[in-house]
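S.K.: Next up, query09.txt (compact mmCIF, C-alpha atoms).
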```txt
# COMPACT_ATOMS: atom_id res chain seq x y z
CA MET N 969 -50.64 -11.23 10.78
CA THR N 970 -50.02 -7.49 10.99
CA ASN N 971 -48.39 -5.80 13.96
CA THR N 972 -50.71 -4.11 16.39
CA THR N 973 -50.20 -0.53 17.49
CA GLU N 974 -48.78 -1.88 20.77
CA ASP N 975 -46.30 -4.11 18.87
CA ARG N 976 -45.06 -1.21 16.76
CA ALA N 977 -44.69 0.98 19.82
CA GLU N 978 -42.69 -1.75 21.56
CA GLU N 979 -40.41 -2.08 18.50
CA LYS N 980 -39.79 1.67 18.52
CA ARG N 981 -38.97 1.60 22.23
CA GLY N 982 -36.58 -1.30 21.65
CA ALA N 983 -34.82 0.47 18.78
CA ALA N 984 -34.55 3.68 20.78
CA GLY N 985 -33.11 1.75 23.71
CA ALA N 986 -30.50 0.09 21.51
CA VAL N 987 -29.41 3.44 20.08
CA GLN N 988 -29.21 4.90 23.58
CA SER N 989 -27.03 1.97 24.72
CA VAL N 990 -24.64 2.46 21.81
CA ASP N 991 -24.48 6.19 22.54
CA ARG N 992 -23.70 5.53 26.18
CA ALA N 993 -21.03 2.94 25.33
CA VAL N 994 -19.29 5.43 23.06
CA SER N 995 -19.55 8.02 25.82
CA VAL N 996 -17.80 5.60 28.20
CA LEU N 997 -14.88 5.32 25.77
CA GLU N 998 -14.73 9.10 25.45
CA ILE N 999 -14.75 9.51 29.25
CA LEU N 1000 -11.88 7.05 29.66
CA ALA N 1001 -9.97 8.75 26.86
CA LYS N 1002 -10.37 12.07 28.69
CA LEU N 1003 -9.70 10.87 32.23
CA GLY N 1004 -7.21 8.10 31.54
CA GLU N 1005 -8.92 5.84 34.09
CA ALA N 1006 -12.13 5.93 36.10
CA GLY N 1007 -14.22 3.83 38.45
CA VAL N 1008 -17.81 2.75 37.99
CA THR N 1009 -19.10 5.56 40.21
CA GLU N 1010 -17.21 8.23 38.27
CA ILE N 1011 -18.44 6.89 34.94
CA ALA N 1012 -22.04 6.64 36.19
CA ASP N 1013 -21.87 10.25 37.39
CA GLU N 1014 -20.43 11.44 34.06
CA LEU N 1015 -23.18 9.62 32.15
CA GLY N 1016 -25.93 10.55 34.58
CA VAL N 1017 -27.03 6.93 35.01
CA HIS N 1018 -27.27 4.38 37.82
CA LYS N 1019 -24.10 2.48 38.74
CA SER N 1020 -25.67 -0.79 37.60
CA THR N 1021 -26.14 0.65 34.10
CA ALA N 1022 -22.55 1.86 33.98
CA PHE N 1023 -21.36 -1.54 35.19
CA ARG N 1024 -23.29 -3.35 32.43
CA LEU N 1025 -21.84 -1.03 29.77
CA LEU N 1026 -18.31 -1.57 31.09
CA GLY N 1027 -18.87 -5.32 31.12
CA VAL N 1028 -19.81 -5.37 27.43
CA LEU N 1029 -16.87 -3.16 26.48
CA GLU N 1030 -14.51 -5.28 28.55
CA ASN N 1031 -15.71 -8.46 26.85
CA ARG N 1032 -14.90 -6.82 23.53
CA GLY N 1033 -11.44 -5.83 24.70
CA LEU N 1034 -12.24 -2.12 24.39
CA VAL N 1035 -11.74 -1.45 28.11
CA ASP N 1036 -9.70 -3.18 30.78
CA GLN N 1037 -9.69 -3.06 34.56
CA GLU N 1038 -7.03 -2.75 37.23
CA ARG N 1039 -8.12 -5.57 39.50
CA ASP N 1040 -6.50 -4.18 42.63
CA ARG N 1041 -8.10 -0.72 42.40
CA GLY N 1042 -11.18 -1.39 40.30
CA LYS N 1043 -10.37 1.41 37.88
CA TYR N 1044 -11.17 1.03 34.18
CA TYR N 1045 -9.04 2.24 31.28
CA LEU N 1046 -9.04 1.88 27.49
CA GLY N 1047 -8.09 -1.60 26.36
CA ALA N 1048 -5.96 -2.99 23.56
CA GLY N 1049 -9.03 -3.35 21.36
CA VAL N 1050 -9.14 0.41 20.94
CA LEU N 1051 -5.53 0.37 19.77
CA ARG N 1052 -6.41 -2.34 17.26
CA LEU N 1053 -9.23 -0.25 15.80
CA ALA N 1054 -7.12 2.90 15.83
CA GLY N 1055 -4.27 1.06 14.15
CA ALA N 1056 -6.54 -0.13 11.34
CA ALA N 1057 -7.79 3.41 10.79
CA ALA N 1058 -4.24 4.79 10.89
CA ILE N 1059 -3.06 2.30 8.29
CA ARG N 1060 -5.88 3.33 5.97
CA LEU N 1061 -5.09 7.01 6.43
CA ASP N 1062 -1.34 6.51 6.02
CA ILE N 1063 -1.57 4.37 2.90
CA SER N 1064 -3.98 6.86 1.36
CA GLN N 1065 -1.65 9.77 2.06
CA GLU N 1066 1.55 8.02 1.03
CA GLY N 1067 -0.12 6.29 -1.88
CA ALA N 1068 -1.47 9.39 -3.63
CA PRO N 1069 1.71 10.28 -5.59
CA VAL N 1070 2.47 6.63 -6.32
CA CYS N 1071 -1.05 6.04 -7.62
CA ARG N 1072 -0.88 9.13 -9.83
CA ALA N 1073 2.53 8.10 -11.19
CA LEU N 1074 1.24 4.62 -12.04
CA ALA N 1075 -1.76 6.10 -13.85
CA ASP N 1076 0.49 8.48 -15.79
CA GLU N 1077 2.89 5.68 -16.69
CA THR N 1078 0.25 3.24 -17.90
CA GLY N 1079 -2.31 5.73 -19.17
CA GLU N 1080 -5.01 3.69 -17.40
CA THR N 1081 -6.93 3.95 -14.13
CA ALA N 1082 -4.82 3.15 -11.05
CA ASN N 1083 -6.37 2.21 -7.72
CA ILE N 1084 -5.25 1.44 -4.18
CA ALA N 1085 -7.45 -0.94 -2.23
CA VAL N 1086 -7.49 -2.24 1.33
CA LEU N 1087 -9.33 -5.09 2.98
CA ASP N 1088 -12.67 -4.15 4.53
CA GLY N 1089 -14.17 -7.19 6.19
CA ASP N 1090 -15.08 -9.58 3.39
CA ALA N 1091 -14.52 -7.12 0.54
CA ALA N 1092 -11.91 -4.80 -0.95
CA VAL N 1093 -12.54 -1.07 -0.75
CA ASN N 1094 -10.83 1.41 -3.06
CA ILE N 1095 -9.35 4.30 -1.08
CA MET N 1096 -7.36 6.02 -3.86
CA GLN N 1097 -7.85 6.44 -7.59
CA ALA N 1098 -6.05 8.24 -10.39
CA ARG N 1099 -6.85 8.25 -14.09
CA GLY N 1100 -4.26 8.26 -16.85
CA ALA N 1101 -4.48 10.01 -20.19
CA ALA N 1102 -5.91 6.96 -21.98
CA ALA N 1103 -8.62 6.30 -19.39
CA VAL N 1104 -11.81 7.15 -21.22
CA THR N 1105 -14.26 6.09 -18.54
CA ALA N 1106 -15.41 8.55 -15.92
CA TYR N 1107 -16.45 5.73 -13.58
CA ASN N 1108 -15.43 6.42 -10.00
CA TRP N 1109 -14.21 3.39 -8.05
CA LEU N 1110 -13.30 5.48 -5.00
CA GLY N 1111 -14.97 4.16 -1.87
CA ARG N 1112 -16.57 1.26 -3.69
CA ARG N 1113 -16.53 -2.16 -2.02
CA THR N 1114 -15.75 -4.91 -4.51
CA ALA N 1115 -15.78 -8.69 -4.29
CA LEU N 1116 -12.48 -10.27 -3.31
CA HIS N 1117 -12.79 -13.24 -5.68
CA ALA N 1118 -13.69 -11.18 -8.77
CA THR N 1119 -11.08 -8.40 -8.70
CA ALA N 1120 -7.30 -8.27 -9.02
CA SER N 1121 -6.87 -6.23 -5.83
CA GLY N 1122 -9.28 -8.46 -3.97
CA LYS N 1123 -7.43 -11.61 -4.97
CA MET N 1124 -4.13 -10.06 -3.94
CA LEU N 1125 -5.50 -9.18 -0.50
CA LEU N 1126 -7.16 -12.56 -0.15
CA ALA N 1127 -3.97 -14.41 -1.13
CA HIS N 1128 -2.11 -12.94 1.85
CA LEU N 1129 -4.69 -13.54 4.55
CA SER N 1130 -3.98 -16.05 7.28
CA GLY N 1131 -4.86 -19.61 6.31
CA GLU N 1132 -8.00 -20.01 8.40
CA ARG N 1133 -9.51 -16.67 7.48
CA ARG N 1134 -8.63 -17.07 3.81
CA GLU N 1135 -10.12 -20.54 3.70
CA ARG N 1136 -13.36 -19.31 5.25
CA LEU N 1137 -13.71 -16.67 2.53
CA VAL N 1138 -12.65 -19.02 -0.26
CA THR N 1139 -15.09 -21.77 0.67
CA ARG N 1140 -18.18 -19.60 1.05
CA LYS N 1141 -20.63 -19.06 -1.82
CA LEU N 1142 -18.88 -17.05 -4.55
CA PRO N 1143 -21.34 -14.82 -6.44
CA ARG N 1144 -21.18 -14.81 -10.22
CA PHE N 1145 -20.96 -11.36 -11.85
CA THR N 1146 -20.11 -12.41 -15.41
CA GLU N 1147 -19.58 -15.63 -17.30
CA HIS N 1148 -15.86 -15.33 -16.45
CA THR N 1149 -16.24 -15.01 -12.68
CA ILE N 1150 -14.54 -17.72 -10.63
CA THR N 1151 -17.21 -19.47 -8.60
CA THR N 1152 -15.43 -22.62 -7.39
CA SER N 1153 -13.21 -22.74 -4.33
CA ALA N 1154 -10.68 -25.02 -6.02
CA GLU N 1155 -10.06 -22.67 -8.94
CA LEU N 1156 -9.90 -19.61 -6.70
CA ARG N 1157 -7.52 -21.33 -4.29
CA GLN N 1158 -5.21 -22.20 -7.19
CA GLN N 1159 -5.20 -18.62 -8.47
CA LEU N 1160 -4.43 -17.28 -5.01
CA GLU N 1161 -1.46 -19.62 -4.60
CA THR N 1162 -0.10 -18.54 -7.98
CA ALA N 1163 -0.67 -14.85 -7.18
CA ALA N 1164 1.21 -15.13 -3.89
CA GLU N 1165 4.14 -16.84 -5.62
CA ARG N 1166 4.57 -14.43 -8.54
CA GLY N 1167 3.67 -11.22 -6.73
CA PHE N 1168 0.63 -10.09 -8.70
CA ALA N 1169 -2.97 -11.04 -9.39
CA TYR N 1170 -5.19 -10.38 -12.38
CA SER N 1171 -8.85 -10.42 -13.28
CA CYS N 1172 -10.18 -10.74 -16.82
CA GLU N 1173 -13.79 -9.60 -17.21
CA GLU N 1174 -14.63 -11.27 -13.90
CA LEU N 1175 -16.38 -8.30 -12.29
CA GLU N 1176 -17.59 -6.50 -15.41
CA ILE N 1177 -17.56 -7.48 -19.07
CA GLY N 1178 -14.92 -5.52 -20.96
CA LEU N 1179 -12.81 -4.74 -17.87
CA ASN N 1180 -9.42 -6.27 -17.02
CA ALA N 1181 -7.10 -5.48 -14.13
CA VAL N 1182 -3.81 -6.38 -12.43
CA ALA N 1183 -2.68 -5.65 -8.87
CA ALA N 1184 0.34 -6.12 -6.62
CA PRO N 1185 0.64 -6.23 -2.80
CA VAL N 1186 1.60 -3.27 -0.62
CA ARG N 1187 3.44 -4.16 2.60
CA GLY N 1188 3.74 -2.37 5.90
CA HIS N 1189 6.84 -1.95 8.02
CA ASP N 1190 6.53 -5.50 9.40
CA GLY N 1191 6.13 -7.10 5.98
CA ALA N 1192 2.42 -7.78 6.31
CA VAL N 1193 0.29 -6.99 3.27
CA ILE N 1194 -1.82 -3.93 4.09
CA GLY N 1195 -3.20 -3.10 0.66
CA ALA N 1196 -2.96 -3.59 -3.07
CA ILE N 1197 -2.19 -1.21 -5.91
CA GLY N 1198 -3.21 -1.97 -9.44
CA VAL N 1199 -4.33 -0.88 -12.86
CA SER N 1200 -7.65 -1.47 -14.59
CA GLY N 1201 -8.81 -0.72 -18.09
CA PRO N 1202 -10.79 -1.90 -21.09
CA VAL N 1203 -10.04 -5.25 -22.67
CA TYR N 1204 -9.17 -3.71 -26.03
CA ARG N 1205 -6.24 -1.87 -24.37
CA MET N 1206 -5.47 -4.36 -21.61
CA ALA N 1207 -5.58 -7.70 -23.39
CA GLN N 1208 -4.31 -10.77 -21.52
CA SER N 1209 -1.11 -10.65 -23.56
CA GLN N 1210 -0.35 -7.20 -22.11
CA LEU N 1211 -1.13 -7.96 -18.50
CA LEU N 1212 2.36 -9.20 -17.66
CA ASP N 1213 3.94 -5.88 -18.64
CA LEU N 1214 1.30 -3.98 -16.68
CA ALA N 1215 1.84 -6.32 -13.73
CA GLU N 1216 5.54 -5.42 -13.68
CA GLN N 1217 4.63 -1.73 -13.54
CA ALA N 1218 2.14 -2.42 -10.74
CA MET N 1219 4.76 -4.38 -8.79
CA LYS N 1220 7.25 -1.51 -9.08
CA ALA N 1221 4.60 0.88 -7.79
CA ALA N 1222 3.81 -1.53 -4.95
CA GLU N 1223 7.50 -1.68 -4.01
CA GLU N 1224 7.67 2.11 -3.93
CA LEU N 1225 4.55 2.44 -1.81
CA SER N 1226 5.74 -0.36 0.51
CA ARG N 1227 9.00 1.54 0.99
CA ARG N 1228 7.02 4.66 1.85
CA MET N 1229 5.07 2.62 4.39
CA GLY N 1230 8.28 1.55 6.12
CA PHE N 1231 8.92 -1.84 4.55
CA PRO N 1232 12.70 -2.26 4.17
CA GLY N 1233 12.38 -4.62 1.23
```
Would you write the structure of this file as structure tokens?

M.R.:
Amino acid sequence: MTNTTEDRAEEKRGAAGAVQSVDRAVSVLEILAKLGEAGVTEIADELGVHKSTAFRLLGVLENRGLVDQERDRGKYYLGAGVLRLAGAAAIRLDISQEGAPVCRALADETGETANIAVLDGDAAVNIMQARGAAAVTAYNWLGRRTALHATASGKMLLAHLSGERRERLVTRKLPRFTEHTITTSAELRQQLETAAERGFAYSCEELEIGLNAVAAPVRGHDGAVIGAIGVSGPVYRMAQSQLLDLAEQAMKAAEELSRRMGFPG
């Protein structure tokens, strides 16, 4: 059955309404950021909407922890959820800035491609890349989201997640990218335990044939793992027998970057 003209028009109205709601919710956050605190009437006036609409928007944002309310005065202000989001963004910006010279030094030292990755939901995203003299590929990993179970950086990030969250990601369906990709939870769990113990993870042709990699954890000021720095390169230059030496170089780079991020060691 095909949609009628009326159905399509209704879908468009629904989509437009959803976009408008998101726009208004963001505007509420901006108003509170500007004013510090505000009541429903003030927010409704700023938005140019009815008080009931402003109240509904505030209710959704409050449920998400993005705004909070002073119960005695009824004023709303930005909640801790905003700080959480801002903190995640700040960490990404800080590690990118502090990691640039460390990433370049690791690439120069190994001659291969060095990357810094952070956790992005259920994947690792590369936020910094530097290529050494021996790196013949022009492939750009910057900004690319990669599977946690099939990459060295991803395994390192996954190994240091809290137990419940890690287990949820380990026990889900693990896509196969090559014949070497780990696709069973038991094998992945074992590799993660080993990686956490020895301080580095590796991947051998698990994401792409002909590509190996190693990575080590980067820690923030409180000791929590906030990223991973590693080296990737072709199998003919990064054979399994050479990965331990490269892992030691990656771990030294990770220690340096962790120090720059405030980790006392």

S.K.: If we count all atoms listed in the file, what is near Gly1042 in chain N at a cut-off of 9 Å, once residues fewer than 6 positions away on the same chain are taken out, given as a PyMOL selection string?

M.R.: chain N and resi 1006-1008

S.K.: Please identify every residue of range 983-1069 of chain N that has at least one atom no farther than 9 Å from an atom of range 1073-1095 of chain N, counting all atoms listed in the file, and for each give the shortest atom pair and the distance in Å to one decimal, arranged by chain then increasing number, as CSV.

M.R.:
```
residue,atom,partner,partner_atom,distance
N:Arg1060,CA,N:Val1086,CA,7.4
N:Ile1063,CA,N:Ile1084,CA,8.5
N:Ser1064,CA,N:Ile1095,CA,6.4
N:Gly1067,CA,N:Ile1084,CA,7.4
N:Ala1068,CA,N:Ala1073,CA,8.6
N:Pro1069,CA,N:Ala1073,CA,6.1
```

S.K.: When distances are computed from all atoms listed in the file, which of N:Glu1155, N:Glu1005, N:Glu1030, N:Asp1062 shows the smallest separation from Val1050 in chain N?

M.R.: N:Glu1030

S.K.: Please return the centre and edge lengths, in Å to one decimal, of a box with edges along x, y and z that contains all listed atoms of range 1092-1105 of chain N, widened by 5 Å on every side, as lines of an AutoDock Vina configuration file.

M.R.:
```
center_x = -9.3
center_y = 2.6
center_z = -11.4
size_x = 20.0
size_y = 24.8
size_z = 31.2
```

S.K.: What separation in Å, quoted to one decimal, exists between CA of Arg1144 in chain N and CA of Glu1176 in chain N?

M.R.: 10.4 Å

S.K.: Just want the 7 Å neighbourhood of Ala1181 in chain N, counted on only C-alpha atoms, with same-chain residues fewer than 4 positions away dropped. Output as a ChimeraX atom specification.

M.R.: /N:1120,1170-1172,1199-1201

S.K.: Could you save those same residues with C-alpha atoms as an mmCIF file, in the frame of the given file?

M.R.:
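So the final result, stored in selection-v3.cif, reads:
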```cif
data_model
loop_
_atom_site.group_PDB
_atom_site.id
_atom_site.type_symbol
_atom_site.label_atom_id
_atom_site.label_comp_id
_atom_site.auth_asym_id
_atom_site.auth_seq_id
_atom_site.Cartn_x
_atom_site.Cartn_y
_atom_site.Cartn_z
ATOM 1 C CA ALA N 1120 -7.300 -8.270 -9.020
ATOM 2 C CA TYR N 1170 -5.190 -10.380 -12.380
ATOM 3 C CA SER N 1171 -8.850 -10.420 -13.280
ATOM 4 C CA CYS N 1172 -10.180 -10.740 -16.820
ATOM 5 C CA VAL N 1199 -4.330 -0.880 -12.860
ATOM 6 C CA SER N 1200 -7.650 -1.470 -14.590
ATOM 7 C CA GLY N 1201 -8.810 -0.720 -18.090
#
```

S.K.: For a test of reading the model, state the distance in Å between CA of Gly1167 in chain N and CA of Arg1113 in chain N, rounded to one decimal.

M.R.: 22.6 Å

S.K.: Could you please determine the separation between CA of Tyr1045 in chain N and CA of Gly1004 in chain N in Å, to one decimal place?

M.R.: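 Result for CA of Tyr1045 in chain N versus CA of Gly1004 in chain N: 6.1 Å, one decimal.
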
S.K.: With only C-alpha atoms as the basis for distance, which of N:Arg1024, N:His1148, N:Arg1228, N:His1128 is at the shortest distance from Val1193 in chain N?

M.R.: N:His1128

S.K.: Which of these, N:Ala1103, N:Ile999, N:Ala1215, N:Val1186, has the shortest distance to Asp1013 in chain N once you count only C-alpha atoms?

M.R.: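 Of all the options, N:Ile999 lies closest to Asp1013 in chain N.
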
S.K.: Calculated over all atoms listed in the file, which of the candidates N:Glu1165, N:Glu1066, N:Glu1173, N:Glu1223 has the smallest distance to Thr1119 in chain N?

M.R.: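 When distances to Thr1119 in chain N are compared using all atoms listed in the file, the smallest one comes from N:Glu1173.
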